[in-house]
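What follows is a single structure, written as structure tokens, with notes after it.
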Amino acid sequence: MSFWQRLADWLEERTGLKTAIHTCSARAVLGGLCWGNAVRAAILFGLIVQAITGLVLWMHYSPSAQTAWESVYYIQYQLPGGWLLRGIHHYTAQVLVALLALYVAGMVFLGEYRRPRELVFWTAIFLFLCSMALCLTGDLLSWDRNAFSATTVRVRFLTLLPLVGQSLLKIAIGGPGPELGTLTLTRFFALHVGVLAFGFALLLWAHVALLRRVRVVTNAPPLPAGPYWPAQAVRNAAACLLLMGVVLALVGREGAPLGSPADPMHFYDAARPEWSLRGVYGLSEMIPGSGIFGTGLSWKIFPIFIIPGLIVVLFLAMPFISRWRWGYWANVGILVVIGGGLGILTLLSYRADAKDPRHQEAVAEEQQLAQRTVELAQGQGIPPTGALTLLKTDPKTEGARLFEQHCASCHAHVGGLGKEFRLEKPTAPNLGAFGTAQQIRGWLDPQRIQSPEYFGGTAFKNGHMVQTIKEMYADLDADELKELQEQMDSIALMLAAEANLPHYQADLAQQKARIDQGRTLFQQNCAGCHRFHGKGTQSGPELTGYGSLGWLVEITSNPAAAKFYGSRNDRMPIFEKELSRQQIELIARFIRAEWYEAPKASQNAR
Amino acid sequence: MADDISLRPELPTGQRRGFFKKLLALGAWIAAYVAPVGAAVRSFFAPARQKGQPTADFTQVAPLDSLPEDGTPKKIPILAQRRDAWMVYPNEPIGQIFLRRLGKEQVVAFQVKCPHMGCAISYVEEKQGQEVVKKFYCPCHKANFDLDGRRTDAVSESPRDMDSLEVKIEGGFVYVQFKNFRTGTPTKEEEV
């Protein structure tokens with residue numbers, strides 16, 4: 001007798017395992033062979049897949065406001081195989097929701113709720129609801145902007161309820177609010193991996209156990225009889241494989257989404273519910289938020305609580321409705337009307353967003369932000385305060401945002417690096433390519449200096465500087481003009497060297513001789529008005545270190561200082577009165593395009 | 001396996017003692033669960049009674065000069081101590097407001113949060129034919145407000161007009177009494 005044979009016998013004597021397996025696999029399947037069993041097997045398979053992937057995700061996940069997004073980023077971009085793990089977990093959840101919806105619909109069509117199958121039917125409905133709840137709690141855990149914003153709205157719906165609404169909101173977010181925070185994450189996480197996951201398993205077990213009992217009781221297999229192994233098993237396995245095929249195809253098409261980290265002060269303008277709730281979202285849009293005849297309640301309570309609640313009640317009541325003569329058809333009617341209605345609302349809602357340019361803009365902005373965060377996280381690592389700090393100290397992101405808020409109503413930012421801001425009627429110079437020789441050269445050109453790109457929109461349009469430049473260019477023959485232009489080129493290069501922009505250093509490195517020439521020319525021709533490295537007199541702005549970080553911070557902090565525009569300052573605010581030094585520095589770095597850029601080769605992560 | 005049960009010998013039953021035993025069993029069972037379930041329920045529902053940060057007095061938000069005189073709204077963060085669970089952040093944005101300057105010495109302030117579900121309302125300039133329409137707009141559920149914060153949709157998602165805040169001007173600076181308000185209710189009530 002071989003070792004394995006003896007081991008099997010040993011086990012058989014003590015557990016009866018061999019007989020049990022043999023009996024089970026050879027026993028005729030209750031109710032006959034069918035694809036319905038295969039669907040249930042696929043649902044069980046989905047649950048097992050979620051348990052396996054979920055457990056390993058859990059090993060890498062850290063629920064807190066500073067670490068949730070960060071650990072998901074780690075899973076998605078750094079953990080080997082993490083993107084696949086997360087992708088499978090994400091899409092299996094979506095497929096399960098769809099599968100359970102179809103499963104319930106199938107039961108309604110087949111009338112599989114009639115006595116004594118009521119509980120079988122109800123457990124199926126609760127399985128569907130539980131899968132939705134798992135999606136809703138799981139959705140927040142990535143703690144990205146979309147999750148944060150969408151969940152904020154979701155939990156705030158509780159405030160529509162009279163009396164208990166405010167308390168329920170606080171219970172849901174795990175604290176006094178008003179914002180979601182770390183305790184919301186820990187709460188949702190425990191609900192997701194504990195209560196709801198366990199509840200789903202329990203419901204599935206109850207559903208199958210009740211179904212088996214029904215089959216024993218009814219004792220009428222209408223379908224071809226056959227053993228579990230392999231006749232039913234092959235169908236089950238095929239269904240599971242199909243499910244995984246769909247999931248993998250979805251992961252392959254686009255990995256599980258991860259946006260930019262949650263930022264309570266930067267609400268996501270394109271926040272939308274998951275696809276499975278889009279129908280209710282569409283319904284809600286048709287109903288006003290105003291009060292119901294002075295009751296202190298909003299009409300919104302209907303689409304959010306009462307109508308969905310009634311739909312669930314209606315489905316739960318189907319076994320009773322079916323007792324009526326036309327009950328079966330009434331139930332099919334309910335299913336078609338509700339399912340079709342929600343389907344149409346879902347499509348309309350997606351269509352409306354696709355046609356809304358503002359929505360598209362918000363989506364595109366968020367995608368860029370997400371990409372930028374990943375770029376920074378990969379290049380610089382994430383500080384203990386979280387990935388949001390990376391964005392808040394990034395001139396390309398936060399600098400641009402501050403520029404937009406404080407500068408972009410007067411200054412355009414076009415033609416340089418970073419985000420563009422356009423203006424129809426600029427009242428101050430375009431700062432797009434600020435500090436490059438090409439841009440500086442415009443100040444030294446009689447036409448360009450008067451254009452809206454430079455002084456055109458300002459009080460200096462016909463000022464001393466413009467007059468001086470014009471006079472220099474007046475009455476020149478071709479050779480003289482050429483010489484002057486070359487000299488101006490040199491001065492522009494010299495000033496660009498003062499600015500020493502990081503992305504421009506390579507261009508300047510080859511121009512050493514001309515820069516030196518430019519310095520001499522500047523001392524001879526410009527220092528009469530612009531003080532420069534301790535020489536010259538002050539009437540125009542000092543240009544020592546022109547365009548450097550220090551110079552920009554100083555002039556932005558106080559353009560009306562004596563060394564800059566003094567009393568002739570034209571409308572530019574004294575920003576040190578309203579912005580912090582750090583904020584001004586971020587704006588200055590944005591103007592200088594001084595920020596981290598990933599080396600081109602490293603942008604291949606999924 | 002069901003036939004196993006019939007093999008067990010029947011036991012004689014004492015009715016009265018049985019009753020007390022049942023009572024005792026149930027009582028002991030429940031008593032054993034009181035403390036753990038009670039503690040769990042208490043902690044789980046604890047947030048229901050928690051109060052947020054008390055409303056700060058007027059906070060300085062911006063120099064008056066920094067607000068455009070044509071009444072274009074400006075979004076401004078409110079900086080204060082922020083708490084999240086056990087963490088305290090000394091100086092962080094706890095909310096945002098819109099400021100509009102209406103005259104030399106007149107400024108109005110609005111909560112940025114939409115009275116509907118707390119999304120952030122944005123200020124938008126929209127071209128409609130030749131005219132540029134300036135308005136407030138909440139993108140989550142597409143609610144429109146005019147610059148005075150009044151709802152302008154025939155069927156508005158928002159249960160009430162935008163929430164205004166108290167403003168005072170002193171020494172060239174704008175001060176605002178920042179508050180959060182309940183969402184979803186037709187009446188404006190502070191959220192505490």
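Chain lettering (A, B, ...) mirrors the order of the structure tokens, residue numbering begins at 1 for each chain separately, and ligand numbering begins at 1 in order of display.
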Residues of chain A no more than 8 Å from chain B, counting only C-alpha atoms: send them over as an MDAnalysis selection string. chainID A and resid 149 152:153 156:157 159:160 166:171 174:178 181:183 265:267 269:272 285:291 296:298 300 359 405 573 577:578
Write a file of the selected residues as a CSV table (one decimal), in the first residue's frame, keeping N, CA and C atoms.
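Everything below was put into again.csv:
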```
chain,number,residue,atom,x,y,z
A,149,SER,N,-15.4,63.2,-2.0
A,149,SER,CA,-16.5,64.1,-2.4
A,149,SER,C,-17.8,63.4,-2.5
A,152,THR,N,-19.0,62.3,0.9
A,152,THR,CA,-19.5,63.4,1.6
A,152,THR,C,-21.0,63.7,1.3
A,153,VAL,N,-21.3,63.7,0.0
A,153,VAL,CA,-22.7,63.9,-0.5
A,153,VAL,C,-23.6,62.7,0.0
A,156,ARG,N,-24.3,63.0,3.6
A,156,ARG,CA,-25.1,64.2,3.9
A,156,ARG,C,-26.5,64.0,3.6
A,157,PHE,N,-26.8,63.0,2.7
A,157,PHE,CA,-28.2,62.7,2.4
A,157,PHE,C,-29.0,62.3,3.7
A,159,THR,N,-29.0,63.8,6.3
A,159,THR,CA,-29.5,65.0,6.9
A,159,THR,C,-30.9,65.4,6.4
A,160,LEU,N,-31.3,64.7,5.3
A,160,LEU,CA,-32.7,64.9,4.8
A,160,LEU,C,-33.7,64.3,5.8
A,166,GLN,N,-29.3,64.5,11.6
A,166,GLN,CA,-28.0,65.1,12.0
A,166,GLN,C,-27.2,64.1,12.9
A,167,SER,N,-27.9,63.4,13.7
A,167,SER,CA,-27.2,62.4,14.5
A,167,SER,C,-26.7,61.2,13.7
A,168,LEU,N,-27.6,60.8,12.7
A,168,LEU,CA,-27.2,59.7,11.8
A,168,LEU,C,-25.9,60.1,11.0
A,169,LEU,N,-25.9,61.4,10.6
A,169,LEU,CA,-24.7,61.9,9.9
A,169,LEU,C,-23.5,61.7,10.7
A,170,LYS,N,-23.6,62.1,11.9
A,170,LYS,CA,-22.4,62.0,12.8
A,170,LYS,C,-22.0,60.6,13.1
A,171,ILE,N,-23.0,59.7,13.2
A,171,ILE,CA,-22.7,58.3,13.4
A,171,ILE,C,-22.0,57.7,12.2
A,174,GLY,N,-18.5,59.1,12.0
A,174,GLY,CA,-17.7,58.7,13.2
A,174,GLY,C,-17.2,59.9,14.0
A,175,GLY,N,-17.8,61.1,13.9
A,175,GLY,CA,-17.3,62.2,14.6
A,175,GLY,C,-18.2,63.4,14.4
A,176,PRO,N,-17.9,64.5,15.0
A,176,PRO,CA,-18.8,65.7,14.9
A,176,PRO,C,-18.8,66.3,13.5
A,177,GLY,N,-17.9,66.0,12.7
A,177,GLY,CA,-17.8,66.6,11.4
A,177,GLY,C,-17.3,68.0,11.5
A,178,PRO,N,-17.6,68.9,10.5
A,178,PRO,CA,-18.4,68.7,9.4
A,178,PRO,C,-17.8,67.9,8.3
A,181,GLY,N,-13.3,62.3,8.1
A,181,GLY,CA,-11.9,62.3,8.6
A,181,GLY,C,-11.4,60.9,8.8
A,182,THR,N,-10.4,60.8,9.6
A,182,THR,CA,-9.8,59.5,9.9
A,182,THR,C,-10.8,58.5,10.5
A,183,LEU,N,-11.7,59.0,11.4
A,183,LEU,CA,-12.6,58.1,12.0
A,183,LEU,C,-13.7,57.6,11.0
A,265,MET,N,-10.6,71.0,1.0
A,265,MET,CA,-10.7,72.4,0.5
A,265,MET,C,-10.7,72.4,-1.0
A,266,HIS,N,-10.7,71.3,-1.7
A,266,HIS,CA,-10.7,71.2,-3.1
A,266,HIS,C,-11.7,70.2,-3.6
A,267,PHE,N,-12.9,70.4,-3.3
A,267,PHE,CA,-14.0,69.5,-3.6
A,267,PHE,C,-14.0,69.1,-5.1
A,269,ASP,N,-15.4,68.6,-8.4
A,269,ASP,CA,-16.6,69.2,-9.1
A,269,ASP,C,-17.3,68.1,-10.0
A,270,ALA,N,-16.6,67.1,-10.3
A,270,ALA,CA,-17.2,66.1,-11.2
A,270,ALA,C,-17.6,64.8,-10.3
A,271,ALA,N,-17.7,65.0,-9.0
A,271,ALA,CA,-18.1,63.8,-8.2
A,271,ALA,C,-19.4,63.3,-8.6
A,272,ARG,N,-19.4,62.0,-8.8
A,272,ARG,CA,-20.7,61.3,-9.3
A,272,ARG,C,-20.8,60.0,-8.5
A,285,GLU,N,-32.4,64.3,-9.7
A,285,GLU,CA,-32.3,65.5,-10.4
A,285,GLU,C,-33.6,66.1,-10.8
A,286,MET,N,-34.6,65.3,-10.9
A,286,MET,CA,-35.9,65.8,-11.4
A,286,MET,C,-36.8,66.3,-10.2
A,287,ILE,N,-36.3,66.2,-9.0
A,287,ILE,CA,-37.1,66.6,-7.9
A,287,ILE,C,-36.4,67.8,-7.1
A,288,PRO,N,-37.2,68.8,-6.8
A,288,PRO,CA,-36.6,70.0,-6.2
A,288,PRO,C,-36.1,69.8,-4.8
A,289,GLY,N,-35.2,70.6,-4.4
A,289,GLY,CA,-34.6,70.5,-3.0
A,289,GLY,C,-35.4,71.3,-2.0
A,290,SER,N,-36.4,72.1,-2.5
A,290,SER,CA,-37.0,73.0,-1.6
A,290,SER,C,-37.9,72.3,-0.6
A,291,GLY,N,-38.4,73.0,0.4
A,291,GLY,CA,-39.2,72.4,1.5
A,291,GLY,C,-40.6,72.0,1.1
A,296,GLY,N,-40.3,71.8,7.0
A,296,GLY,CA,-38.9,71.7,7.4
A,296,GLY,C,-38.2,70.5,6.7
A,297,LEU,N,-38.9,69.8,5.9
A,297,LEU,CA,-38.4,68.6,5.1
A,297,LEU,C,-38.2,69.0,3.7
A,298,SER,N,-37.2,68.5,3.0
A,298,SER,CA,-37.0,68.7,1.6
A,298,SER,C,-37.6,67.7,0.8
A,300,LYS,N,-36.4,66.3,-1.5
A,300,LYS,CA,-35.3,65.4,-1.9
A,300,LYS,C,-35.4,64.1,-1.1
A,359,HIS,N,-18.1,69.7,-16.9
A,359,HIS,CA,-17.9,68.4,-16.2
A,359,HIS,C,-16.6,67.7,-16.8
A,405,GLN,N,-5.9,82.3,-8.5
A,405,GLN,CA,-6.7,83.1,-7.6
A,405,GLN,C,-6.3,84.5,-7.4
A,573,PRO,N,-1.4,94.5,-6.2
A,573,PRO,CA,-1.6,94.5,-4.7
A,573,PRO,C,-0.3,94.2,-4.0
A,577,LYS,N,0.4,91.5,2.4
A,577,LYS,CA,-0.7,91.8,3.3
A,577,LYS,C,-1.7,90.6,3.3
A,578,GLU,N,-1.8,89.8,2.2
A,578,GLU,CA,-2.8,88.8,2.2
A,578,GLU,C,-2.3,87.4,2.0
```
What's the 12 Å shell around B:Glu105, counting only C-alpha atoms, without same-chain residues fewer than 5 positions away, as a PDB file with C-alpha atoms, in the first residue's frame?
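Resulting contents of selection.pdb:
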```pdb
ATOM      1  CA  PRO B  63      -7.597  93.182   3.428  1.00  0.00           C
ATOM      2  CA  LEU B  64     -10.440  95.234   2.008  1.00  0.00           C
ATOM      3  CA  ASP B  65      -8.216  96.460  -0.850  1.00  0.00           C
ATOM      4  CA  LEU B  67     -11.367  92.580  -3.077  1.00  0.00           C
ATOM      5  CA  GLU B  69     -14.507  96.762  -6.430  1.00  0.00           C
ATOM      6  CA  ARG B 100     -18.071  90.220  -2.581  1.00  0.00           C
ATOM      7  CA  VAL B 167     -19.220  90.468   8.068  1.00  0.00           C
ATOM      8  CA  LYS B 168     -17.595  93.477   9.634  1.00  0.00           C
ATOM      9  CA  ILE B 169     -14.929  95.819   8.383  1.00  0.00           C
ATOM     10  CA  GLU B 170     -12.340  97.289  10.703  1.00  0.00           C
ATOM     11  CA  GLY B 171      -9.107  99.079   9.965  1.00  0.00           C
ATOM     12  CA  GLY B 172      -9.121  98.160   6.303  1.00  0.00           C
ATOM     13  CA  PHE B 173      -9.603  94.452   7.002  1.00  0.00           C
ATOM     14  CA  VAL B 174     -12.613  92.217   6.470  1.00  0.00           C
TER      15      VAL B 174
END
```
Length of the atom CA of A:Lys392 to atom CA of A:His406 vector [Å]: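 One can read the atom CA of A:Lys392 to atom CA of A:His406 distance as 16.1 Å.
Between atom CA of A:Gly545 and atom CA of A:Glu498 the interatomic distance comes to 4.9 Å.
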Counting only C-alpha atoms, the residue of A:His503, A:Trp324, A:Ile515, A:Gln467 that sits nearest A:Met488: A:Ile515
Report as an mmCIF file with N, CA and C atoms, in the first residue's frame all protein, DNA and RNA residues lying within 10 Å of A:Phe109, evaluated on only C-alpha atoms, omitting residues in the same chain fewer than 6 positions from it.
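Resulting contents of part27.cif:
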```cif
data_model
loop_
_atom_site.group_PDB
_atom_site.id
_atom_site.type_symbol
_atom_site.label_atom_id
_atom_site.label_comp_id
_atom_site.auth_asym_id
_atom_site.auth_seq_id
_atom_site.Cartn_x
_atom_site.Cartn_y
_atom_site.Cartn_z
ATOM 1 N N TYR A 103 -29.536 38.266 -11.334
ATOM 2 C CA TYR A 103 -30.006 37.062 -10.643
ATOM 3 C C TYR A 103 -31.402 37.302 -10.055
ATOM 4 N N TYR A 328 -48.219 37.417 -11.097
ATOM 5 C CA TYR A 328 -46.931 37.165 -11.752
ATOM 6 C C TYR A 328 -46.628 38.262 -12.761
ATOM 7 N N TRP A 329 -47.654 38.580 -13.576
ATOM 8 C CA TRP A 329 -47.431 39.610 -14.603
ATOM 9 C C TRP A 329 -47.246 40.990 -13.994
ATOM 10 N N ASN A 331 -45.727 41.503 -11.218
ATOM 11 C CA ASN A 331 -44.325 41.521 -10.766
ATOM 12 C C ASN A 331 -43.356 41.749 -11.919
ATOM 13 N N VAL A 332 -43.630 41.057 -13.024
ATOM 14 C CA VAL A 332 -42.770 41.259 -14.195
ATOM 15 C C VAL A 332 -42.856 42.722 -14.640
ATOM 16 N N GLY A 333 -44.082 43.261 -14.584
ATOM 17 C CA GLY A 333 -44.284 44.666 -14.947
ATOM 18 C C GLY A 333 -43.481 45.589 -14.047
ATOM 19 N N LEU A 335 -40.814 44.923 -12.366
ATOM 20 C CA LEU A 335 -39.391 44.757 -12.672
ATOM 21 C C LEU A 335 -39.005 45.541 -13.930
ATOM 22 N N VAL A 336 -39.834 45.389 -14.975
ATOM 23 C CA VAL A 336 -39.501 46.029 -16.245
ATOM 24 C C VAL A 336 -39.555 47.554 -16.109
#
```
